[in-house]
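*Asks:* Got a structure here, written out as structure tokens. Questions coming.
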Amino acid sequence: MAGERLADGWRVDERCTNCDVARQLAPGLIGEEGGRSVVLREPRDRAETERLHAAAHACHTRSIHPPGGRLEEVPDPFPMPLDAGDGTDASENAVYLCGHNSRQTAGANSYLLRRPDGTVMMVDTPRWSPSLARRYEKLGPVTDVLLTHRDHAAHGRQYADGFGARLWIHEGDLDSAPDADRVLRGTEPVEIADGVVAHPLPGHTEGSVLYLADDRYCFTGDSFHWSRTTGDIEVFDTVTWYSVEELAASLERGAGRISFEWLLPGHGDRRRLPVGEMTERLRRLAVRAGELRQRPVDFRAIRW
């Protein structure tokens with residue numbers, strides 16, 4: 001295997017769960033082989049080395065090892081900026097990738113959304129660590145922790161308490177965060193802060209929610225994602241815990257209401273496209289989803 005061939009350099013160990021996060025952060029350097037990530041080749045320059053650093057610090061099983069195997073000596077790039085707003089003022093709206101993905105959320109990505117007033121919202125959570133919480137707070141006071149669904153709720157209360165923030169979840173998944181401070185109900189969109197709208201989207205789970213900020217950033221949890229295999233927006237039809245038929249209905253309902261540039265999922269890849277193209281791709285996804293039927297859960301069938 002590639003990991004074995006590069007045993008004296010960067011490598012991925014056998015604990016890898018094939019969550020795809022490393023391949024998102026280090027494309028061309030880390031690939032998939034035999035149902036897990038492997039190192040394809042050594043980095044050729046500083047930029048490629050930094051991509052591997054990011055992959056190593058994001059990996060929820062700590063399976064990615066630098067030469068010598070000392071991850072603590074590898075620079076930690078998180079929180080990593082993904083977008084600096086409209087480009088006129090990098091201190092305004094910005095989205096950051098938290099990194100440090102958690103075993104308890106199956107390695108899901110989480111994000112920090114910086115608002116124009118300097119406050120910050122966390123969308124889903126990385127692994128819990130007081131030192132990480134302090135690092136994230138350097139971007140600004142964190143006012144809210146927004147949970148997209150039950151699978152990503154593991155550290156919500158810890159981060160909310162650590163920040164002195166409000167914890168949000170939908171009533172359909174309330175048993176995963178019964179002490180939430182704010183509970184979303186029903187299926188109608190709710191503006192939860194200036195420019196931030198919660199769209200309940202039952203399907204992947206009963207209480208799945210996506211959060212739309214400024215008609216620009218769409219935090220989808222596991223409701224839909226960008227697939228590199230198909231080159232399009234897709235749903236996890238082989239990993240739908242509640243109802244793929246309900247997910248199709250949610251997408252049909254949301255397709256006319258949701259417009260955005262940035263697709264920012266928990267699992268699956270990220271993508272930025274013009275609003276019009278994203279809107280059309282979401283419309284077509286809703287049509288395709290209407291043809292799906294519930295299937296047994298099969299993680300191996302995911303098309304990353």
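Following the order of the structure tokens, first chain is A, next is B, and so on, with residues numbered from 1 inside each chain and ligands from 1 in the order they appear.
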Within 12 Å of A:Arg216, counting only C-alpha atoms, which residues show up once you throw out same-chain ones fewer than 6 positions away? Write them as an mmCIF file with N, CA, C and O atoms, in the first residue's frame, please.
*Replies:*
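What follows is the written file out.cif:
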```
data_model
loop_
_atom_site.group_PDB
_atom_site.id
_atom_site.type_symbol
_atom_site.label_atom_id
_atom_site.label_comp_id
_atom_site.auth_asym_id
_atom_site.auth_seq_id
_atom_site.Cartn_x
_atom_site.Cartn_y
_atom_site.Cartn_z
ATOM 1 N N ASP A 83 -13.093 31.723 3.913
ATOM 2 C CA ASP A 83 -13.594 32.860 3.143
ATOM 3 C C ASP A 83 -13.500 34.107 4.003
ATOM 4 O O ASP A 83 -13.892 34.100 5.163
ATOM 5 N N ALA A 84 -12.990 35.183 3.428
ATOM 6 C CA ALA A 84 -12.854 36.447 4.161
ATOM 7 C C ALA A 84 -13.910 37.443 3.725
ATOM 8 O O ALA A 84 -13.638 38.600 3.460
ATOM 9 N N GLY A 85 -15.147 37.006 3.638
ATOM 10 C CA GLY A 85 -16.237 37.904 3.289
ATOM 11 C C GLY A 85 -16.169 38.332 1.849
ATOM 12 O O GLY A 85 -15.819 37.560 0.955
ATOM 13 N N ASP A 86 -16.459 39.609 1.578
ATOM 14 C CA ASP A 86 -16.506 40.081 0.195
ATOM 15 C C ASP A 86 -15.151 40.550 -0.310
ATOM 16 O O ASP A 86 -15.034 41.053 -1.427
ATOM 17 N N ASN A 93 -17.437 39.496 7.679
ATOM 18 C CA ASN A 93 -17.917 38.118 7.630
ATOM 19 C C ASN A 93 -16.780 37.193 7.224
ATOM 20 O O ASN A 93 -16.043 37.470 6.286
ATOM 21 N N ALA A 94 -16.636 36.086 7.895
ATOM 22 C CA ALA A 94 -15.609 35.121 7.542
ATOM 23 C C ALA A 94 -16.016 33.755 8.071
ATOM 24 O O ALA A 94 -16.655 33.653 9.113
ATOM 25 N N VAL A 95 -15.637 32.729 7.358
ATOM 26 C CA VAL A 95 -15.875 31.364 7.791
ATOM 27 C C VAL A 95 -14.543 30.669 7.975
ATOM 28 O O VAL A 95 -13.637 30.805 7.142
ATOM 29 N N LEU A 113 -18.342 30.911 12.247
ATOM 30 C CA LEU A 113 -18.904 31.952 11.399
ATOM 31 C C LEU A 113 -18.768 33.284 12.126
ATOM 32 O O LEU A 113 -19.396 33.509 13.162
ATOM 33 N N GLY A 195 -29.398 38.009 9.760
ATOM 34 C CA GLY A 195 -28.764 37.409 8.598
ATOM 35 C C GLY A 195 -28.543 35.925 8.674
ATOM 36 O O GLY A 195 -28.019 35.324 7.725
ATOM 37 N N VAL A 196 -28.929 35.278 9.785
ATOM 38 C CA VAL A 196 -28.715 33.835 9.952
ATOM 39 C C VAL A 196 -30.078 33.160 10.117
ATOM 40 O O VAL A 196 -30.816 33.470 11.060
ATOM 41 N N VAL A 197 -30.383 32.232 9.209
ATOM 42 C CA VAL A 197 -31.688 31.571 9.193
ATOM 43 C C VAL A 197 -31.504 30.070 9.344
ATOM 44 O O VAL A 197 -30.688 29.460 8.640
ATOM 45 N N ILE A 258 -33.798 28.513 -0.589
ATOM 46 C CA ILE A 258 -32.397 28.544 -0.168
ATOM 47 C C ILE A 258 -31.512 28.958 -1.336
ATOM 48 O O ILE A 258 -31.527 28.324 -2.399
ATOM 49 N N SER A 259 -30.741 30.014 -1.150
ATOM 50 C CA SER A 259 -29.750 30.415 -2.151
ATOM 51 C C SER A 259 -28.439 30.695 -1.430
ATOM 52 O O SER A 259 -28.428 31.267 -0.335
ATOM 53 N N PHE A 260 -27.335 30.287 -2.038
ATOM 54 C CA PHE A 260 -26.037 30.390 -1.372
ATOM 55 C C PHE A 260 -24.921 30.196 -2.384
ATOM 56 O O PHE A 260 -25.144 29.720 -3.503
ATOM 57 N N GLU A 261 -23.707 30.578 -1.965
ATOM 58 C CA GLU A 261 -22.499 30.356 -2.760
ATOM 59 C C GLU A 261 -21.667 29.205 -2.204
ATOM 60 O O GLU A 261 -21.096 28.428 -2.957
ATOM 61 N N TRP A 262 -21.584 29.144 -0.866
ATOM 62 C CA TRP A 262 -20.700 28.195 -0.204
ATOM 63 C C TRP A 262 -21.500 27.032 0.362
ATOM 64 O O TRP A 262 -22.376 27.222 1.209
ATOM 65 N N LEU A 263 -21.190 25.829 -0.090
ATOM 66 C CA LEU A 263 -21.748 24.600 0.469
ATOM 67 C C LEU A 263 -20.754 24.071 1.494
ATOM 68 O O LEU A 263 -19.629 23.708 1.162
ATOM 69 N N LEU A 264 -21.177 24.035 2.771
ATOM 70 C CA LEU A 264 -20.286 23.721 3.889
ATOM 71 C C LEU A 264 -20.901 22.592 4.722
ATOM 72 O O LEU A 264 -21.612 22.831 5.700
ATOM 73 N N ARG A 271 -17.732 23.233 -1.370
ATOM 74 C CA ARG A 271 -17.672 23.765 -2.720
ATOM 75 C C ARG A 271 -18.205 25.180 -2.732
ATOM 76 O O ARG A 271 -19.167 25.503 -2.029
ATOM 77 N N ARG A 272 -17.580 26.033 -3.551
ATOM 78 C CA ARG A 272 -18.098 27.379 -3.781
ATOM 79 C C ARG A 272 -18.395 27.541 -5.266
ATOM 80 O O ARG A 272 -17.542 27.275 -6.120
ATOM 81 N N LEU A 273 -19.624 27.977 -5.571
ATOM 82 C CA LEU A 273 -20.059 28.205 -6.940
ATOM 83 C C LEU A 273 -20.942 29.456 -6.959
ATOM 84 O O LEU A 273 -21.458 29.879 -5.922
ATOM 85 N N PRO A 274 -21.149 30.067 -8.123
ATOM 86 C CA PRO A 274 -22.072 31.200 -8.201
ATOM 87 C C PRO A 274 -23.465 30.817 -7.707
ATOM 88 O O PRO A 274 -23.907 29.664 -7.859
ATOM 89 N N VAL A 275 -24.157 31.785 -7.134
ATOM 90 C CA VAL A 275 -25.471 31.522 -6.539
ATOM 91 C C VAL A 275 -26.411 30.847 -7.528
ATOM 92 O O VAL A 275 -27.078 29.863 -7.197
ATOM 93 N N GLY A 276 -26.465 31.355 -8.743
ATOM 94 C CA GLY A 276 -27.382 30.799 -9.731
ATOM 95 C C GLY A 276 -27.102 29.335 -10.017
ATOM 96 O O GLY A 276 -28.028 28.532 -10.164
ATOM 97 N N MET A 278 -25.529 27.177 -7.959
ATOM 98 C CA MET A 278 -25.882 26.390 -6.779
ATOM 99 C C MET A 278 -27.391 26.181 -6.709
ATOM 100 O O MET A 278 -27.872 25.082 -6.406
ATOM 101 N N THR A 279 -28.156 27.222 -7.007
ATOM 102 C CA THR A 279 -29.614 27.129 -6.953
ATOM 103 C C THR A 279 -30.125 26.083 -7.920
ATOM 104 O O THR A 279 -31.003 25.265 -7.583
#
```
*Asks:* Could you pull out the alpha helix (DSSP H) residues of stretch 24-252 of chain A from DSSP and send them as a ChimeraX atom specification?
*Replies:* /A:24-25,46-58,130-137,156-163,244-252
*Asks:* How about saving the chosen residues, N, CA, C and O atoms kept, as a short mmCIF file (atom, residue, chain, number, x, y, z; two decimals), in the first residue's frame?
*Replies:*
```cif
data_model
loop_
_atom_site.label_atom_id
_atom_site.label_comp_id
_atom_site.auth_asym_id
_atom_site.auth_seq_id
_atom_site.Cartn_x
_atom_site.Cartn_y
_atom_site.Cartn_z
N GLN A 24 -9.92 15.81 1.56
CA GLN A 24 -10.43 17.15 1.29
C GLN A 24 -9.33 18.20 1.49
O GLN A 24 -9.23 19.16 0.73
N LEU A 25 -8.52 18.00 2.52
CA LEU A 25 -7.51 19.00 2.89
C LEU A 25 -6.20 18.84 2.13
O LEU A 25 -5.45 19.81 2.00
N ARG A 46 6.48 23.89 0.25
CA ARG A 46 5.92 24.30 1.55
C ARG A 46 4.40 24.24 1.55
O ARG A 46 3.79 23.81 2.54
N ALA A 47 3.78 24.66 0.45
CA ALA A 47 2.32 24.67 0.40
C ALA A 47 1.76 23.25 0.54
O ALA A 47 0.78 23.03 1.26
N GLU A 48 2.38 22.29 -0.12
CA GLU A 48 1.91 20.91 0.00
C GLU A 48 2.16 20.35 1.39
O GLU A 48 1.33 19.61 1.92
N THR A 49 3.28 20.72 1.99
CA THR A 49 3.54 20.29 3.36
C THR A 49 2.49 20.83 4.32
O THR A 49 2.01 20.13 5.21
N GLU A 50 2.08 22.08 4.11
CA GLU A 50 1.06 22.68 4.96
C GLU A 50 -0.29 21.98 4.81
O GLU A 50 -1.05 21.87 5.77
N ARG A 51 -0.58 21.49 3.60
CA ARG A 51 -1.83 20.74 3.41
C ARG A 51 -1.81 19.45 4.22
O ARG A 51 -2.82 19.05 4.81
N LEU A 52 -0.67 18.81 4.26
CA LEU A 52 -0.56 17.59 5.06
C LEU A 52 -0.62 17.91 6.55
O LEU A 52 -1.18 17.13 7.33
N HIS A 53 -0.06 19.03 6.97
CA HIS A 53 -0.18 19.46 8.36
C HIS A 53 -1.66 19.59 8.73
O HIS A 53 -2.10 19.14 9.80
N ALA A 54 -2.43 20.25 7.85
CA ALA A 54 -3.85 20.44 8.12
C ALA A 54 -4.57 19.11 8.23
O ALA A 54 -5.39 18.89 9.13
N ALA A 55 -4.28 18.19 7.30
CA ALA A 55 -4.92 16.88 7.33
C ALA A 55 -4.60 16.15 8.64
O ALA A 55 -5.48 15.52 9.24
N ALA A 56 -3.36 16.24 9.08
CA ALA A 56 -2.95 15.55 10.31
C ALA A 56 -3.69 16.09 11.52
O ALA A 56 -4.12 15.33 12.39
N HIS A 57 -3.85 17.41 11.61
CA HIS A 57 -4.50 18.00 12.77
C HIS A 57 -6.03 17.90 12.71
O HIS A 57 -6.69 18.08 13.73
N ALA A 58 -6.58 17.63 11.54
CA ALA A 58 -8.03 17.44 11.43
C ALA A 58 -8.44 16.00 11.69
O ALA A 58 -9.55 15.75 12.16
N PRO A 130 -10.41 22.54 26.28
CA PRO A 130 -10.40 23.93 26.75
C PRO A 130 -9.41 24.80 25.98
O PRO A 130 -9.69 25.97 25.71
N SER A 131 -8.27 24.24 25.61
CA SER A 131 -7.28 25.04 24.88
C SER A 131 -7.78 25.37 23.48
O SER A 131 -7.53 26.47 22.97
N LEU A 132 -8.51 24.44 22.85
CA LEU A 132 -9.09 24.74 21.55
C LEU A 132 -10.17 25.82 21.69
O LEU A 132 -10.26 26.73 20.86
N ALA A 133 -10.99 25.72 22.73
CA ALA A 133 -12.02 26.73 22.94
C ALA A 133 -11.39 28.12 23.07
O ALA A 133 -11.88 29.09 22.47
N ARG A 134 -10.29 28.21 23.80
CA ARG A 134 -9.62 29.51 23.94
C ARG A 134 -9.08 29.99 22.60
O ARG A 134 -9.11 31.19 22.29
N ARG A 135 -8.58 29.06 21.80
CA ARG A 135 -8.04 29.43 20.50
C ARG A 135 -9.15 29.97 19.59
O ARG A 135 -8.99 30.98 18.90
N TYR A 136 -10.31 29.29 19.59
CA TYR A 136 -11.41 29.74 18.75
C TYR A 136 -11.94 31.09 19.20
O TYR A 136 -12.36 31.92 18.38
N GLU A 137 -11.94 31.33 20.50
CA GLU A 137 -12.45 32.60 21.03
C GLU A 137 -11.59 33.79 20.64
O GLU A 137 -12.04 34.93 20.75
N GLY A 156 -21.51 19.66 22.13
CA GLY A 156 -22.23 20.93 22.08
C GLY A 156 -22.33 21.62 23.42
O GLY A 156 -22.04 22.82 23.55
N ARG A 157 -22.72 20.89 24.46
CA ARG A 157 -22.90 21.49 25.78
C ARG A 157 -21.57 21.98 26.35
O ARG A 157 -21.50 23.06 26.95
N GLN A 158 -20.51 21.20 26.14
CA GLN A 158 -19.20 21.61 26.66
C GLN A 158 -18.73 22.91 26.02
O GLN A 158 -18.26 23.82 26.72
N TYR A 159 -18.88 23.01 24.70
CA TYR A 159 -18.45 24.25 24.05
C TYR A 159 -19.36 25.41 24.42
O TYR A 159 -18.89 26.53 24.67
N ALA A 160 -20.67 25.18 24.46
CA ALA A 160 -21.58 26.25 24.82
C ALA A 160 -21.27 26.78 26.22
O ALA A 160 -21.20 28.00 26.45
N ASP A 161 -21.06 25.87 27.18
CA ASP A 161 -20.73 26.31 28.54
C ASP A 161 -19.36 26.97 28.59
O ASP A 161 -19.17 27.96 29.32
N GLY A 162 -18.42 26.42 27.83
CA GLY A 162 -17.09 27.01 27.82
C GLY A 162 -17.08 28.42 27.28
O GLY A 162 -16.31 29.29 27.74
N PHE A 163 -17.94 28.67 26.29
CA PHE A 163 -18.02 30.01 25.68
C PHE A 163 -19.01 30.93 26.41
O PHE A 163 -18.99 32.15 26.19
N VAL A 244 -35.35 8.77 3.73
CA VAL A 244 -34.91 9.40 2.49
C VAL A 244 -36.10 10.06 1.78
O VAL A 244 -35.94 11.05 1.07
N GLU A 245 -37.31 9.52 1.99
CA GLU A 245 -38.49 10.16 1.42
C GLU A 245 -38.75 11.51 2.07
O GLU A 245 -39.10 12.49 1.38
N GLU A 246 -38.56 11.60 3.39
CA GLU A 246 -38.70 12.89 4.08
C GLU A 246 -37.61 13.86 3.63
O GLU A 246 -37.84 15.07 3.50
N LEU A 247 -36.40 13.35 3.40
CA LEU A 247 -35.32 14.19 2.91
C LEU A 247 -35.67 14.77 1.54
O LEU A 247 -35.44 15.97 1.28
N ALA A 248 -36.23 13.95 0.66
CA ALA A 248 -36.64 14.44 -0.65
C ALA A 248 -37.69 15.54 -0.52
O ALA A 248 -37.62 16.57 -1.21
N ALA A 249 -38.65 15.35 0.38
CA ALA A 249 -39.67 16.37 0.59
C ALA A 249 -39.07 17.66 1.14
O ALA A 249 -39.46 18.77 0.75
N SER A 250 -38.10 17.52 2.04
CA SER A 250 -37.42 18.69 2.60
C SER A 250 -36.67 19.45 1.51
O SER A 250 -36.70 20.69 1.47
N LEU A 251 -35.99 18.72 0.64
CA LEU A 251 -35.23 19.37 -0.43
C LEU A 251 -36.17 20.07 -1.42
O LEU A 251 -35.89 21.18 -1.88
N GLU A 252 -37.28 19.43 -1.71
CA GLU A 252 -38.25 20.07 -2.62
C GLU A 252 -38.78 21.35 -1.99
O GLU A 252 -38.91 22.38 -2.67
#
```
*Asks:* Mind giving me the straight-line distance from atom CA of A:Thr148 to atom CA of A:Asp179 in Å, one decimal?
*Replies:* 15.6 Å
*Asks:* Excluding same-chain residues fewer than 4 positions from A:Asp232, what lies within 10 Å of it counting only C-alpha atoms, as an NGL selection string?
*Replies:* :A and (225-228 or 271 or 278 or 281-282 or 284-285)
*Asks:* At a cut-off of 12 Å, using only C-alpha atoms, what residues contact A:Leu174? Leave out same-chain residues fewer than 2 positions from it and give the result as a ChimeraX atom specification.
*Replies:* /A:147-151,153,167-172,176-185,205-208
*Asks:* So that each row is one residue of stretch 26-110 of chain A with an atom at most 12 Å from stretch 301-304 of chain A, can you give its shortest atom pair and the distance in Å to one decimal, using only C-alpha atoms, rows by chain and rising number, as CSV?
*Replies:*
```
residue,atom,partner,partner_atom,distance
A:Gly31,CA,A:Trp304,CA,11.1
A:Glu32,CA,A:Trp304,CA,9.9
A:Gly35,CA,A:Ala301,CA,10.3
A:Arg36,CA,A:Trp304,CA,11.9
A:Ser37,CA,A:Trp304,CA,12.0
```
*Asks:* Name the closest residue to A:Pro79 among the candidates A:Ala108, A:Leu139, A:Val123, A:Ala193; distances are taken between atoms, counting only C-alpha atoms.
*Replies:*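 That would be A:Leu139, the residue with the smallest distance to A:Pro79.
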*Asks:* Which polymer residues have any atom within 12 Å of an atom of A:Arg15, counting only C-alpha atoms, with same-chain residues fewer than 4 positions away left out, as a list in words?
*Replies:*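 Contacts, with the query itself left out: Arg11, Cys19, Gly35, Arg36, Ser37, Val38, Cys59, His60, Thr61, Arg62, Ser63, Ile64, His65 and Arg103 of chain A.
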*Asks:* Given the choices A:Glu14, A:Asp8, A:Glu33, A:Asp214, which gets closest to A:Pro66 if the distance is worked out from only C-alpha atoms?
*Replies:*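 Checking each candidate against A:Pro66, we get A:Asp8 as the closest.
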*Asks:* When DSSP works through the backbone of this structure, what residues of stretch 20-253 of chain A end up as strand (DSSP E or B), shown as a PyMOL selection string?
*Replies:* chain A and resi 27+30-32+37-39+64-65+80-83+94-97+111-114+120-123+142-146+166-170+182-184+190-193+196-200+209-213+217-221+225-227+232-234
*Asks:* Considering only C-alpha atoms, state which residue in the set A:Arg127, A:Arg70, A:Arg257, A:His155 is at the smallest distance from A:Pro189.
*Replies:*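 Ranked by minimum distance to A:Pro189, first place goes to A:Arg257.
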*Asks:* So which residues touch A:Gly9 within 8 Å, counting only C-alpha atoms, skipping near sequence neighbours fewer than 3 positions away, as a ChimeraX atom specification?
*Replies:* /A:6,42,66-68
*Asks:* So how far away is atom CA of A:Ile233 from atom CA of A:Val39, in Å?
*Replies:* 26.5 Å
*Asks:* For each of A:Val145, A:Glu280, A:Gly254, A:Pro200, take the minimum atom-to-atom distance to A:Thr187, counting only C-alpha atoms, then give the residue where this is smallest.
*Replies:* A:Pro200
*Asks:* Tell me, in Å to one decimal, how far atom CA of A:Val297 is from atom CA of A:Tyr211.
*Replies:* 25.4 Å
